[in-house]
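K.L.:
The file below is target35.txt, compact mmCIF, C-alpha atoms:
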```txt
# COMPACT_ATOMS: atom_id res chain seq x y z
CA MET T 1 120.26 70.96 98.27
CA SER T 2 120.82 71.05 94.51
CA ALA T 3 122.02 73.68 92.09
CA TRP T 4 118.40 74.23 91.07
CA ASP T 5 117.54 75.09 94.65
CA VAL T 6 120.32 77.66 94.78
CA LEU T 7 119.17 79.15 91.47
CA LEU T 8 115.47 79.29 92.38
CA TRP T 9 115.68 80.35 96.02
CA GLY T 10 119.08 82.04 96.21
CA VAL T 11 119.41 83.91 92.92
CA LEU T 12 115.98 84.29 91.30
CA PRO T 13 114.45 86.41 94.11
CA TYR T 14 117.12 89.07 93.64
CA VAL T 15 116.67 88.98 89.87
CA ALA T 16 112.93 89.56 90.31
CA VAL T 17 113.56 92.49 92.67
CA ALA T 18 116.14 93.98 90.27
CA VAL T 19 113.68 93.78 87.37
CA LEU T 20 110.99 95.36 89.55
CA VAL T 21 113.17 98.29 90.62
CA VAL T 22 114.89 98.95 87.29
CA GLY T 23 111.66 98.44 85.34
CA THR T 24 109.78 100.86 87.57
CA ILE T 25 112.46 103.54 87.18
CA TRP T 26 112.49 103.01 83.41
CA ARG T 27 108.69 103.21 83.22
CA TYR T 28 108.64 106.41 85.23
CA ARG T 29 111.31 108.09 83.11
CA TYR T 30 110.14 107.07 79.67
CA ASP T 31 106.42 106.37 80.02
CA LYS T 32 104.98 108.89 82.45
CA PHE T 33 101.85 109.35 80.37
CA GLY T 34 101.28 105.60 80.45
CA TRP T 35 101.64 105.47 84.24
CA THR T 36 97.93 105.06 84.77
CA THR T 37 95.17 102.50 85.13
CA ARG T 38 93.57 103.85 81.93
CA SER T 39 90.26 104.28 83.69
CA SER T 40 87.31 102.77 81.81
CA GLU T 41 84.49 103.75 84.15
CA LEU T 42 82.80 105.77 81.40
CA TYR T 43 82.29 102.61 79.34
CA GLU T 44 80.88 100.42 82.11
CA SER T 45 80.35 101.13 85.80
CA ARG T 46 77.91 98.53 87.18
CA LEU T 47 80.35 95.61 87.30
CA LEU T 48 83.21 97.95 88.20
CA ARG T 49 81.39 99.11 91.34
CA ILE T 50 81.15 95.48 92.48
CA GLY T 51 84.45 94.00 91.33
CA SER T 52 86.82 96.85 92.18
CA PRO T 53 86.05 97.09 95.95
CA LEU T 54 86.09 93.30 96.28
CA PHE T 55 89.49 93.12 94.60
CA HIS T 56 91.19 96.09 96.25
CA PHE T 57 89.97 95.62 99.82
CA GLY T 58 90.48 91.87 99.61
CA LEU T 59 93.99 92.40 98.28
CA LEU T 60 94.76 94.82 101.11
CA VAL T 61 93.91 92.14 103.69
CA VAL T 62 95.92 89.57 101.71
CA VAL T 63 98.98 91.86 101.77
CA ILE T 64 98.61 92.43 105.52
CA GLY T 65 98.34 88.67 106.02
CA HIS T 66 101.52 88.11 104.04
CA VAL T 67 103.35 90.73 106.11
CA ILE T 68 102.26 89.05 109.35
CA GLY T 69 102.99 85.52 108.13
CA LEU T 70 106.34 86.19 106.48
CA LEU T 71 107.93 88.97 108.51
CA ILE T 72 106.77 88.25 112.06
CA PRO T 73 108.51 85.21 113.63
CA ARG T 74 106.58 82.52 115.49
CA SER T 75 108.30 83.53 118.74
CA TRP T 76 106.77 87.00 118.54
CA THR T 77 103.21 85.78 118.12
CA SER T 78 103.72 83.24 120.89
CA ALA T 79 105.05 85.99 123.17
CA VAL T 80 101.78 87.93 122.86
CA GLY T 81 99.76 84.83 123.69
CA LEU T 82 98.73 83.71 120.20
CA SER T 83 98.92 79.93 120.11
CA PRO T 84 99.71 78.02 116.89
CA THR T 85 96.12 76.74 116.78
CA ALA T 86 94.66 80.23 117.10
CA TYR T 87 97.10 81.51 114.48
CA HIS T 88 96.06 78.84 111.98
CA VAL T 89 92.37 79.52 112.64
CA GLN T 90 92.68 83.25 112.01
CA ALA T 91 94.91 82.61 108.99
CA LEU T 92 92.33 80.27 107.50
CA THR T 93 89.41 82.57 108.34
CA LEU T 94 90.82 85.96 107.35
CA GLY T 95 93.18 84.69 104.66
CA GLY T 96 90.61 82.40 103.11
CA VAL T 97 87.84 85.02 103.05
CA ALA T 98 90.16 87.77 101.80
CA GLY T 99 91.67 85.52 99.13
CA PHE T 100 88.24 84.38 97.97
CA CYS T 101 86.95 87.99 97.78
CA THR T 102 90.03 89.05 95.85
CA LEU T 103 89.64 86.16 93.43
CA VAL T 104 85.94 86.90 92.89
CA GLY T 105 86.72 90.59 92.43
CA VAL T 106 89.41 90.01 89.81
CA GLY T 107 87.11 87.48 88.12
CA ILE T 108 84.40 90.15 87.78
CA LEU T 109 86.94 92.66 86.48
CA VAL T 110 88.30 90.20 83.92
CA TYR T 111 84.77 89.30 82.79
CA ARG T 112 83.93 93.00 82.47
CA ARG T 113 87.09 93.70 80.52
CA ARG T 114 86.46 90.76 78.18
CA THR T 115 82.78 91.44 77.48
CA THR T 116 82.84 95.25 77.22
CA GLY T 117 84.17 96.18 73.79
CA PRO T 118 85.83 99.56 74.49
CA VAL T 119 87.35 98.26 77.74
CA PHE T 120 88.76 95.19 76.01
CA SER T 121 90.21 97.35 73.23
CA ALA T 122 92.11 99.38 75.83
CA THR T 123 93.71 96.25 77.33
CA THR T 124 97.33 95.70 76.32
CA ARG T 125 99.02 92.35 75.85
CA ASN T 126 101.07 92.94 78.96
CA ASP T 127 97.91 93.48 80.97
CA LYS T 128 96.37 90.29 79.63
CA SER T 129 99.45 88.36 80.74
CA MET T 130 99.29 90.13 84.10
CA TYR T 131 95.73 88.95 84.70
CA VAL T 132 96.76 85.34 84.00
CA VAL T 133 99.68 85.53 86.45
CA LEU T 134 97.60 87.40 89.04
CA VAL T 135 94.78 84.85 89.00
CA ALA T 136 97.32 82.01 89.19
CA ALA T 137 98.95 83.67 92.22
CA LEU T 138 95.59 84.03 93.96
CA VAL T 139 94.60 80.42 93.31
CA ALA T 140 97.99 79.16 94.50
CA GLY T 141 97.76 81.44 97.53
CA LEU T 142 94.39 80.03 98.53
CA ALA T 143 95.81 76.52 98.20
CA THR T 144 98.77 77.34 100.46
CA THR T 145 96.43 79.01 102.97
CA LEU T 146 94.40 75.82 103.23
CA LEU T 147 97.53 73.70 103.54
CA GLY T 148 99.03 75.99 106.15
CA ALA T 149 95.84 75.88 108.20
CA MET T 150 96.07 72.08 108.32
CA GLY T 151 99.17 72.33 110.47
CA GLY T 152 101.96 69.78 110.57
CA ASP T 153 105.61 70.23 109.78
CA GLU T 154 105.15 69.62 106.06
CA HIS T 155 102.64 72.51 105.80
CA ASP T 156 104.09 74.93 108.35
CA TYR T 157 105.39 77.75 106.18
CA ARG T 158 106.53 79.67 109.27
CA GLU T 159 109.30 77.09 109.66
CA THR T 160 110.37 77.13 106.00
CA VAL T 161 109.11 79.96 103.77
CA SER T 162 109.10 82.69 106.42
CA PRO T 163 112.73 82.21 107.61
CA TRP T 164 113.85 82.01 103.98
CA PHE T 165 112.00 85.22 103.12
CA ARG T 166 113.49 87.11 106.05
CA SER T 167 116.97 85.82 105.20
CA LEU T 168 116.76 87.53 101.80
CA PHE T 169 116.86 90.95 103.46
CA VAL T 170 120.23 90.27 105.06
CA LEU T 171 121.62 88.91 101.75
CA GLN T 172 122.08 85.44 103.22
CA PRO T 173 119.27 83.39 101.65
CA ASP T 174 118.47 80.27 103.63
CA VAL T 175 118.04 78.08 100.57
CA ALA T 176 117.81 74.87 102.56
CA ARG T 177 114.74 76.10 104.45
CA MET T 178 112.88 76.97 101.27
CA ALA T 179 113.92 73.73 99.60
CA ASP T 180 112.21 71.84 102.45
CA ALA T 181 108.87 73.60 101.84
CA GLY T 182 106.05 71.80 100.06
CA LEU T 183 105.41 71.91 96.33
CA ALA T 184 102.39 74.20 96.71
CA PHE T 185 104.54 76.79 98.49
CA HIS T 186 107.20 76.51 95.78
CA ILE T 187 104.63 77.12 93.05
CA HIS T 188 103.06 80.06 94.88
CA THR T 189 106.47 81.65 95.48
CA LEU T 190 107.57 81.27 91.87
CA ILE T 191 104.31 82.77 90.58
CA GLY T 192 104.69 85.61 93.06
CA MET T 193 108.20 86.38 91.80
CA ALA T 194 106.92 86.33 88.21
CA LEU T 195 104.17 88.78 89.16
CA PHE T 196 106.66 91.21 90.70
CA ALA T 197 108.94 90.90 87.66
CA ILE T 198 106.20 91.92 85.20
CA TRP T 199 104.71 94.48 87.58
CA PRO T 200 106.40 97.61 86.13
CA PHE T 201 105.25 96.81 82.60
CA THR T 202 101.54 96.54 83.38
CA ARG T 203 98.76 98.69 84.84
CA LEU T 204 99.76 97.42 88.31
CA VAL T 205 102.46 100.09 88.33
CA HIS T 206 99.83 102.62 89.45
CA ALA T 207 100.01 101.03 92.92
CA PHE T 208 103.31 102.89 93.43
CA THR T 209 101.64 106.24 92.82
CA ALA T 210 100.52 108.25 95.82
CA PRO T 211 99.18 111.83 95.52
CA LEU T 212 101.62 113.19 98.10
CA ASN T 213 101.70 116.57 96.36
CA TYR T 214 98.17 117.20 97.61
CA LEU T 215 99.60 117.47 101.12
CA PHE T 216 101.86 120.37 100.16
CA ARG T 217 99.99 122.18 97.39
CA PRO T 218 98.88 125.79 98.08
CA TYR T 219 95.32 126.56 98.97
CA ILE T 220 92.92 127.26 96.15
CA VAL T 221 91.14 130.52 96.91
CA TYR T 222 87.83 131.23 95.22
CA ARG T 223 86.73 134.89 95.15
CA SER T 224 83.18 135.97 94.66
CA ARG T 225 82.29 138.77 92.26
CA ALA T 226 79.50 139.89 94.59
CA THR T 227 81.83 142.23 96.49
CA GLY T 228 85.15 143.89 95.97
CA PRO T 229 86.82 145.45 92.91
CA ALA T 230 85.55 142.71 90.62
CA ALA T 231 81.94 143.37 91.51
CA ARG T 232 79.68 144.54 88.66
CA PRO T 233 75.99 145.18 88.42
CA ARG T 234 73.86 142.24 87.46
CA ARG T 235 72.10 142.34 84.11
CA ARG T 236 69.33 140.39 82.56
CA GLY T 237 70.29 137.40 80.50
CA TRP T 238 68.64 138.75 77.32
CA GLU T 239 70.50 142.06 77.39
CA ASP T 240 73.43 142.68 75.05
CA VAL T 241 76.86 142.75 76.53
CA GLY T 242 77.24 146.40 75.60
CA SER T 243 73.87 147.52 77.02
CA ARG T 244 73.71 149.31 80.38
```
Is it possible to express this structure as structure tokens?
P.N.:
Amino acid sequence: MSAWDVLLWGVLPYVAVAVLVVGTIWRYRYDKFGWTTRSSELYESRLLRIGSPLFHFGLLVVVIGHVIGLLIPRSWTSAVGLSPTAYHVQALTLGGVAGFCTLVGVGILVYRRRTTGPVFSATTRNDKSMYVVLVAALVAGLATTLLGAMGGDEHDYRETVSPWFRSLFVLQPDVARMADAGLAFHIHTLIGMALFAIWPFTRLVHAFTAPLNYLFRPYIVYRSRATGPAARPRRRGWEDVGSR
């Protein structure tokens, strides 16, 4: 274990998280009006209707897969009767399909943004960089999914990446475990940390917004003028306002 390993897998993850948290707070305090996806549906909707569901629903499955793969130990899945072979099959099937759909979806969205003039004009430099990092993370993720599905100690991320990831939460990073992971897993992890570090400064920040106020807002009551004190006799449309 070298000093580089300690820096990359023992220090850099906390730096990325610090940038994510502090950057999000800063963005919320000083750029509330920019806390938006800057919707461009008015300029083009055909490609958006295809690419957006592919990207968002695919990404949702990818996130769920990461939660299962990184946070749930092997002993837990074995205890419920899920064998390593069955785990790798479902990881390859669901993870591969979800990752491919997400990659196709973001590809359509990038193509739409690049070929539609008004949409491209509304794209900031930070967002352009975000798309590059996001696509790189998806490609690297698909590569690690395929490697993980092959099995073998050298590709079993549940023996290296997962224990390291869980160790970060208790502030005792297991650097040696992550250092033993394959190169593809190192690349994917580094790109992932870069994505989280730039997250607050791009349109991705809207993912942290949830319309919780709708749950507690008062009812909107609509009253009809047909009855009650506000009622008034109907008049013909061609009559003057002052006519009776």
K.L.:
Dump as a tab-separated table the rows for residues of stretch 10-66 of chain T within 9 Å of stretch 105-118 of chain T: closest atom pair and distance in Å with one decimal, all atoms listed in the file counted, ordered by chain and rising residue number.
P.N.:
```
residue	atom	partner	partner_atom	distance
T:Ser40	CA	T:Pro118	CA	8.1
T:Tyr43	CA	T:Pro118	CA	6.7
T:Glu44	CA	T:Thr116	CA	7.4
T:Leu47	CA	T:Arg112	CA	6.6
T:Leu48	CA	T:Leu109	CA	6.7
T:Ile50	CA	T:Gly105	CA	7.4
T:Gly51	CA	T:Gly105	CA	4.2
T:Ser52	CA	T:Gly105	CA	6.3
T:Pro53	CA	T:Gly105	CA	7.4
T:Leu54	CA	T:Gly105	CA	4.8
T:Phe55	CA	T:Gly105	CA	4.3
T:His56	CA	T:Gly105	CA	8.1
T:Gly58	CA	T:Gly105	CA	8.2
```
K.L.:
Tell me which protein, DNA and RNA residues are within 12 Å of T:Leu12, counting only C-alpha atoms, leaving out same-chain ones fewer than 2 positions away, and put them as number ranges by chain.
P.N.:
T: 4-10, 14-19, 168, 173, 175, 189-194, 196-197
K.L.:
Which residues of stretch 29-102 of chain T come within 8 Å of stretch 138-143 of chain T, and what is each one's closest atom pair and distance in Å (one decimal), counting all atoms listed in the file, sorted by chain and residue number, as a tab-separated table?
P.N.:
```
residue	atom	partner	partner_atom	distance
T:Gly95	CA	T:Leu142	CA	7.8
T:Gly96	CA	T:Leu142	CA	6.4
T:Gly99	CA	T:Leu142	CA	6.2
T:Phe100	CA	T:Leu142	CA	7.6
T:Thr102	CA	T:Leu138	CA	7.7
```
K.L.:
Would you please work out which residue, of T:Thr124, T:Thr160, T:Thr36, T:Thr85, is nearest to T:Leu204 when using only C-alpha atoms?
P.N.:
T:Thr36
K.L.:
Would you mind telling me which residue in T:Ser39, T:Phe201, T:Val21, T:Ala3 lies nearest to T:Asn126 when using only C-alpha atoms?
P.N.:
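Checking each candidate against T:Asn126, we get T:Phe201 as the closest.
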K.L.:
Got a sec to check which residues sit within 12 Å of (96.8, 93.6, 79.3), counting only C-alpha atoms, and write them as a ChimeraX atom specification?
P.N.:
/T:37-38,110,113-114,119-134,198-199,201-204
K.L.:
At what distance in Å, to one decimal, does atom CA of T:Arg49 lie from atom CA of T:Thr24?
P.N.:
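So the two atoms, atom CA of T:Thr24 and atom CA of T:Arg49, lie 28.7 Å apart.
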K.L.:
Suppose you want the space between atom CA of T:Leu146 and atom CA of T:Arg74; what is it in Å?
P.N.:
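Answer for the atom CA of T:Leu146 to atom CA of T:Arg74 separation: 18.5 Å.
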K.L.:
What does the distance between atom CA of T:Ser167 and atom CA of T:Ser75 come to in Å, to one decimal place?
P.N.:
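The value is 16.2 Å.
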K.L.:
Using only C-alpha atoms, what residues lie at most 12 Å away from (93.7, 76.8, 116.9) (file coordinates), given as a PyMOL selection string?
P.N.:
chain T and resi 82-93+149-151
